[in-house]
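Report on the structure given below.
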Amino acid sequence: MVNRLFAIVIASVFVLFSSSVFAEDGVKNDQILVGMSTVLSGPASFLGTSFKTGTETYIKKINEEGGVNGRKIKLIAYDDGYEPSKAVPNVNKLINEDKVFCLLGNVGTPTAMAIKPIITKEQVPFYGPFTGAEPLRSPVVKYILNYRASYYQETEEFIKGMVDVLGLKKVGVFYQDDAYGRVVLEGAKIALKKRGLEPVATGTYQRNTENIDAGLTSIMKEKPEAVVMVGTYGACAKFIIEGKKKGFNPIYMNVSFVGADKLLELLGSKGDGVVVTQVVPPPTSDFSSVKEYRTLLAKHFPGSKPNFVSLEGFLASKVFVDILKRAGKDLTRESFIKAAETIKNLDIGIGNKISFSDKNHQGSQKVYPTFIKNGEYKLIEDWKSLK
């Protein structure tokens with residue numbers, strides 16, 4: 001009887017040990033648990049649902065191939081409605097109750113900034129947030145790894161085109177009155193200051209609304225030749241449509257977060273000439289990874305149309321998996337960060353190399369300026385084509 005009890009105890013210990021070889025939260029012998037707090041409902045839901053779809057498209061491919069170092073990736077996603085007050089409890093739950101290994105692909109600057117202190121305190125990796133906010137990049141935060149180019153880089157690209165190439169001097173800024181809007185406003189100011197200029201007018205609106213009238217009126221008074229727009233698709237589309245109705249026809253520019261495909265849909269015939277700076281190539285392009293994305297999206301989400309946001313989720317996840325592979329079988333949060341910092345000039349099949357280091361936690365530096373022509377986005381090869 002004693003020997004039998006001893007054998008049962010030993011077997012139980014073995015099962016317990018083998019089911020979770022590592023003490024690291026979220027890492028089991030056959031699984032890596034990943035968390036996401038994102039916008040799955042409300043006026044900006046296209047952004048969160050699209051990014052999540054792109055992420056899951058690549059994860060499904062990897063899991064079908066057996067996972068990463070023998071572990072399949074499981075994603076838990078909670079809806080925060082693009083509100084910091086919901087993102088914070090979501091992330092606390094993911095870390096403290098669900099025990100995720102890391103966070104992946106939060107959508108939005110205000111929500112990312114709200115959870116930044118939690119990431120720092122808990123020392124949980126936060127990879128690939130869908131935001132170009134500078135405070136998530138500089139100074140480098142050890143546990144935050146960004147895939148995409150920054151909003152400062154996007155606004156610099158646009159201002160360079162407007163001022164250096166086209167010779168325009170009067171630039172206005174319409175922005176969402178929160179952390180997201182203020183970060184891009186600052187980027188626009190920096191880019192203009194380099195050229196001895198400043199915004200001639202600014203206007204704001206409140207997050208998760210389309211109350212753009214006061215902001216539009218304020219900006220129109222100064223008659224800018226170009227307008228940097230910092231918002232989501234609904235508000236920005238309304239601003240452009242209402243502006244054109246009133247005979248206000250500057251060059252309208254939106255940063256990548258706007259949700260380019262939804263913006264295009266809402267603008268309809270009013271879209272021609274509108275600029276959107278992108279951080280991934282067009283989803284219709286012929287790069288090998290973009291072709292792979294379209295094929296896998298059709299397989300796993302047949303009702304989902306390719307778009308810039310889900311493509312970013314797909315590409316960011318491709319780099320995420322590469323980091324996991326580099327971290328090896330003995331995966332820990334520390335080994336994940338160290339593995340990321342070893343990536344130098346990684347070619348992921350989009351004509352753009354990805355690099356990280358302990359002094360750089362932003363993988364891609366590439367901005368793809370596009371504009372709407374005949375109902376679709378075209379890469380801008382010469383800014384003079386907009387005139």
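Convention: chains lettered A, B, ... in structure tokens order; per-chain residue numbering from 1; ligands numbered from 1 as shown.
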
With only C-alpha atoms counted and 9 Å as the cut-off, give the residues of stretch 318-363 of chain A in contact with stretch 146-161 of chain A, each with its shortest interatomic distance in Å and the pair that gives it, as CSV.
```
residue,atom,partner,partner_atom,distance
A:Val319,CA,A:Tyr147,CA,7.9
A:Phe320,CA,A:Tyr147,CA,8.9
A:Ile354,CA,A:Tyr147,CA,8.3
A:His361,CA,A:Asn146,CA,5.9
A:Gln362,CA,A:Asn146,CA,4.6
A:Gly363,CA,A:Tyr147,CA,4.9
```

Using DSSP assignments from the backbone, pull out every residue in stretch 64-261 of chain A that falls under helix (DSSP H, G or I) and give it to me as a PyMOL selection string. chain A and resi 64+84-96+109-122+134-136+151-165+179-193+213-220+233-245+256-258+260-261

Using C-alpha atoms, can you write the selected residues to a file as an mmCIF file, in the first residue's frame?
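Final output, selection.cif:
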```cif
data_model
loop_
_atom_site.group_PDB
_atom_site.id
_atom_site.type_symbol
_atom_site.label_atom_id
_atom_site.label_comp_id
_atom_site.auth_asym_id
_atom_site.auth_seq_id
_atom_site.Cartn_x
_atom_site.Cartn_y
_atom_site.Cartn_z
ATOM 1 C CA GLU A 64 -0.906 24.256 -37.740
ATOM 2 C CA PRO A 84 -8.151 53.650 -20.932
ATOM 3 C CA SER A 85 -10.586 53.077 -18.066
ATOM 4 C CA LYS A 86 -11.400 49.652 -19.526
ATOM 5 C CA ALA A 87 -7.913 48.783 -20.771
ATOM 6 C CA VAL A 88 -6.367 48.983 -17.286
ATOM 7 C CA PRO A 89 -8.610 46.355 -15.619
ATOM 8 C CA ASN A 90 -8.358 44.176 -18.738
ATOM 9 C CA VAL A 91 -4.575 44.155 -18.549
ATOM 10 C CA ASN A 92 -4.553 43.575 -14.805
ATOM 11 C CA LYS A 93 -6.821 40.579 -15.358
ATOM 12 C CA LEU A 94 -4.688 39.224 -18.194
ATOM 13 C CA ILE A 95 -1.518 39.453 -16.099
ATOM 14 C CA ASN A 96 -2.765 38.550 -12.633
ATOM 15 C CA THR A 109 -2.177 55.552 -27.736
ATOM 16 C CA PRO A 110 -4.449 56.508 -24.804
ATOM 17 C CA THR A 111 -4.951 52.858 -23.831
ATOM 18 C CA ALA A 112 -1.273 51.979 -24.327
ATOM 19 C CA MET A 113 -0.150 54.935 -22.231
ATOM 20 C CA ALA A 114 -2.596 53.944 -19.486
ATOM 21 C CA ILE A 115 -1.153 50.435 -19.213
ATOM 22 C CA LYS A 116 2.487 51.466 -19.593
ATOM 23 C CA PRO A 117 3.021 51.746 -15.792
ATOM 24 C CA ILE A 118 1.579 48.237 -15.349
ATOM 25 C CA ILE A 119 3.971 46.834 -17.940
ATOM 26 C CA THR A 120 6.920 48.479 -16.218
ATOM 27 C CA LYS A 121 5.884 47.345 -12.754
ATOM 28 C CA GLU A 122 5.001 43.756 -13.680
ATOM 29 C CA GLU A 134 6.823 58.500 -29.146
ATOM 30 C CA PRO A 135 6.576 57.933 -25.342
ATOM 31 C CA LEU A 136 6.419 54.179 -26.059
ATOM 32 C CA TYR A 151 3.957 59.062 -35.690
ATOM 33 C CA TYR A 152 6.892 61.486 -35.676
ATOM 34 C CA GLN A 153 8.249 59.664 -38.742
ATOM 35 C CA GLU A 154 4.840 59.750 -40.418
ATOM 36 C CA THR A 155 4.350 63.476 -39.870
ATOM 37 C CA GLU A 156 7.931 64.217 -40.959
ATOM 38 C CA GLU A 157 7.289 62.343 -44.209
ATOM 39 C CA PHE A 158 4.168 64.379 -44.901
ATOM 40 C CA ILE A 159 5.603 67.768 -43.925
ATOM 41 C CA LYS A 160 8.677 67.052 -46.031
ATOM 42 C CA GLY A 161 6.391 66.489 -49.014
ATOM 43 C CA MET A 162 4.228 69.529 -48.332
ATOM 44 C CA VAL A 163 6.944 72.052 -47.489
ATOM 45 C CA ASP A 164 10.179 70.820 -49.060
ATOM 46 C CA VAL A 165 8.685 69.518 -52.313
ATOM 47 C CA ALA A 179 -2.718 61.339 -25.713
ATOM 48 C CA TYR A 180 -2.915 60.127 -29.325
ATOM 49 C CA GLY A 181 -3.798 63.499 -30.773
ATOM 50 C CA ARG A 182 -1.299 65.421 -28.684
ATOM 51 C CA VAL A 183 1.560 63.088 -29.613
ATOM 52 C CA VAL A 184 0.965 63.562 -33.345
ATOM 53 C CA LEU A 185 0.403 67.301 -32.878
ATOM 54 C CA GLU A 186 3.848 67.440 -31.266
ATOM 55 C CA GLY A 187 5.312 65.463 -34.176
ATOM 56 C CA ALA A 188 3.826 67.948 -36.644
ATOM 57 C CA LYS A 189 5.186 70.880 -34.643
ATOM 58 C CA ILE A 190 8.671 69.348 -34.600
ATOM 59 C CA ALA A 191 8.623 68.724 -38.345
ATOM 60 C CA LEU A 192 7.407 72.270 -39.046
ATOM 61 C CA LYS A 193 9.850 73.886 -36.609
ATOM 62 C CA ASP A 213 -17.785 71.071 -36.307
ATOM 63 C CA ALA A 214 -15.944 73.364 -33.899
ATOM 64 C CA GLY A 215 -12.557 71.995 -34.944
ATOM 65 C CA LEU A 216 -13.375 72.404 -38.635
ATOM 66 C CA THR A 217 -14.574 75.994 -38.140
ATOM 67 C CA SER A 218 -11.448 76.886 -36.178
ATOM 68 C CA ILE A 219 -9.110 75.526 -38.849
ATOM 69 C CA MET A 220 -11.010 76.904 -41.853
ATOM 70 C CA TYR A 233 -12.009 56.976 -39.600
ATOM 71 C CA GLY A 234 -15.469 58.245 -38.634
ATOM 72 C CA ALA A 235 -14.438 61.672 -37.373
ATOM 73 C CA CYS A 236 -11.808 62.215 -40.060
ATOM 74 C CA ALA A 237 -14.164 61.237 -42.876
ATOM 75 C CA LYS A 238 -16.795 63.634 -41.572
ATOM 76 C CA PHE A 239 -14.228 66.440 -41.284
ATOM 77 C CA ILE A 240 -13.150 65.982 -44.912
ATOM 78 C CA ILE A 241 -16.676 65.616 -46.304
ATOM 79 C CA GLU A 242 -18.004 68.642 -44.407
ATOM 80 C CA GLY A 243 -14.912 70.664 -45.307
ATOM 81 C CA LYS A 244 -15.291 69.955 -49.018
ATOM 82 C CA LYS A 245 -18.982 70.825 -48.838
ATOM 83 C CA SER A 256 -1.890 55.344 -40.315
ATOM 84 C CA PHE A 257 -4.013 54.855 -37.193
ATOM 85 C CA VAL A 258 -7.035 56.368 -38.966
ATOM 86 C CA ALA A 260 -7.375 53.708 -44.074
ATOM 87 C CA ASP A 261 -9.738 51.152 -45.590
#
```

Would you mind listing what lies within 12 Å of A:Asp286 as a PyMOL selection string, with only C-alpha atoms counted and same-chain residues fewer than 6 positions away left out? chain A and resi 292-294+349-351

Nearest to A:Ile62 by atom-to-atom distance, counting only C-alpha atoms, from A:Leu296, A:Pro224, A:Val27, A:Glu381: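 Of all the options, A:Leu296 lies closest to A:Ile62.
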
For A:Glu56, which residue among A:Ile380, A:Ala226, A:Ala77, A:Leu264 is the nearest when counting only C-alpha atoms?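 Counting only C-alpha atoms, the residue closest to A:Glu56 is A:Ala77.
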
Enter the distance from atom CA of A:Val255 to atom CA of A:Ile372, in Å, rounded to one decimal.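 Going from atom CA of A:Val255 over to atom CA of A:Ile372 covers 13.7 Å.
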
Proximity to A:Gln278 - best of A:Gly26, A:Gly259, A:Pro250, A:Pro43, only C-alpha atoms: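 So, comparing all the options, the nearest one is A:Gly259.
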
Residues flagged strand (DSSP E or B) by DSSP in stretch 103-233 of chain A, as a list in words: Leu103, Leu104, Val107, Phe126, Tyr127, Phe130, Ile144, Leu145, Asn146, Val171, Gly172, Val173, Phe174, Tyr175, Gln176, Ala201, Thr202, Gly203, Thr204, Tyr205, Ala226, Val227, Val228, Met229 and Val230 of chain A

So that I have them on file, write out the residues from the current selection with N, CA and C atoms, as a JSON list (two decimals), in the first residue's frame.
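File written: result-v5.json
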```
[["chain", "number", "residue", "atom", "x", "y", "z"],
["A", 103, "LEU", "N", 1.80, 40.61, -23.58],
["A", 103, "LEU", "CA", 0.71, 41.29, -24.26],
["A", 103, "LEU", "C", 1.10, 41.53, -25.70],
["A", 104, "LEU", "N", 0.10, 41.49, -26.57],
["A", 104, "LEU", "CA", 0.34, 41.62, -28.01],
["A", 104, "LEU", "C", -0.74, 42.49, -28.63],
["A", 107, "VAL", "N", -4.53, 48.27, -29.26],
["A", 107, "VAL", "CA", -4.82, 49.33, -30.24],
["A", 107, "VAL", "C", -5.02, 50.66, -29.53],
["A", 126, "PHE", "N", 5.38, 43.73, -23.73],
["A", 126, "PHE", "CA", 4.26, 44.32, -24.44],
["A", 126, "PHE", "C", 4.74, 44.54, -25.87],
["A", 127, "TYR", "N", 4.30, 43.68, -26.78],
["A", 127, "TYR", "CA", 4.82, 43.67, -28.14],
["A", 127, "TYR", "C", 3.79, 44.16, -29.15],
["A", 130, "PHE", "N", -0.56, 48.85, -31.64],
["A", 130, "PHE", "CA", -0.98, 49.55, -32.86],
["A", 130, "PHE", "C", -1.05, 51.05, -32.55],
["A", 144, "ILE", "N", 8.73, 47.09, -23.62],
["A", 144, "ILE", "CA", 7.86, 47.47, -24.73],
["A", 144, "ILE", "C", 8.63, 47.37, -26.04],
["A", 145, "LEU", "N", 8.11, 46.56, -26.97],
["A", 145, "LEU", "CA", 8.72, 46.38, -28.28],
["A", 145, "LEU", "C", 7.71, 46.77, -29.36],
["A", 146, "ASN", "N", 8.08, 47.75, -30.18],
["A", 146, "ASN", "CA", 7.21, 48.25, -31.24],
["A", 146, "ASN", "C", 7.59, 47.65, -32.58],
["A", 171, "VAL", "N", 0.09, 75.11, -42.71],
["A", 171, "VAL", "CA", -0.35, 73.76, -42.34],
["A", 171, "VAL", "C", -1.15, 73.82, -41.05],
["A", 172, "GLY", "N", -2.34, 73.24, -41.05],
["A", 172, "GLY", "CA", -3.16, 73.14, -39.86],
["A", 172, "GLY", "C", -3.14, 71.73, -39.31],
["A", 173, "VAL", "N", -3.60, 71.58, -38.06],
["A", 173, "VAL", "CA", -3.65, 70.26, -37.43],
["A", 173, "VAL", "C", -5.01, 70.06, -36.76],
["A", 174, "PHE", "N", -5.71, 69.03, -37.19],
["A", 174, "PHE", "CA", -6.98, 68.62, -36.56],
["A", 174, "PHE", "C", -6.70, 67.34, -35.79],
["A", 175, "TYR", "N", -6.98, 67.34, -34.48],
["A", 175, "TYR", "CA", -6.56, 66.18, -33.69],
["A", 175, "TYR", "C", -7.55, 65.78, -32.60],
["A", 176, "GLN", "N", -7.52, 64.51, -32.30],
["A", 176, "GLN", "CA", -8.30, 63.93, -31.20],
["A", 176, "GLN", "C", -7.70, 64.44, -29.90],
["A", 201, "ALA", "N", -3.12, 76.81, -37.62],
["A", 201, "ALA", "CA", -4.40, 76.63, -36.93],
["A", 201, "ALA", "C", -4.49, 75.22, -36.38],
["A", 202, "THR", "N", -5.22, 75.07, -35.29],
["A", 202, "THR", "CA", -5.51, 73.74, -34.74],
["A", 202, "THR", "C", -6.98, 73.64, -34.39],
["A", 203, "GLY", "N", -7.47, 72.40, -34.37],
["A", 203, "GLY", "CA", -8.85, 72.14, -33.98],
["A", 203, "GLY", "C", -8.92, 70.75, -33.40],
["A", 204, "THR", "N", -9.87, 70.52, -32.51],
["A", 204, "THR", "CA", -9.95, 69.22, -31.83],
["A", 204, "THR", "C", -11.35, 68.63, -31.87],
["A", 205, "TYR", "N", -11.42, 67.35, -31.48],
["A", 205, "TYR", "CA", -12.69, 66.67, -31.22],
["A", 205, "TYR", "C", -12.44, 65.64, -30.14],
["A", 226, "ALA", "N", -2.68, 72.73, -46.24],
["A", 226, "ALA", "CA", -2.64, 71.30, -45.92],
["A", 226, "ALA", "C", -3.08, 71.12, -44.47],
["A", 227, "VAL", "N", -3.70, 69.99, -44.17],
["A", 227, "VAL", "CA", -4.16, 69.71, -42.80],
["A", 227, "VAL", "C", -3.70, 68.32, -42.39],
["A", 228, "VAL", "N", -2.94, 68.27, -41.29],
["A", 228, "VAL", "CA", -2.60, 67.00, -40.66],
["A", 228, "VAL", "C", -3.78, 66.58, -39.80],
["A", 229, "MET", "N", -4.28, 65.36, -40.00],
["A", 229, "MET", "CA", -5.46, 64.90, -39.28],
["A", 229, "MET", "C", -5.09, 63.73, -38.38],
["A", 230, "VAL", "N", -5.53, 63.82, -37.13],
["A", 230, "VAL", "CA", -5.14, 62.83, -36.13],
["A", 230, "VAL", "C", -6.41, 62.32, -35.44]]
```

Just the residues within 10 Å of A:Val39, please, counting only C-alpha atoms, with nothing from its chain fewer than 2 positions along; format it as a ChimeraX atom specification. /A:36-37,41-52,77-83,86-87,106-108,111

Can you pull out the residues contacting A:Arg71? Cut-off 9 Å, using only C-alpha atoms, and skip same-chain residues under 3 positions away; I want them as a ChimeraX atom specification. /A:27-32,63,66-68,329

When you draw a straight line from atom CA of A:Lys99 to atom CA of A:Leu311, how long is it in Å?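 It comes out at 27.8 Å.
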
Distance atom CA of A:Arg207-atom CA of A:Leu266, one decimal place?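 Going from atom CA of A:Arg207 over to atom CA of A:Leu266, I get 18.1 Å.
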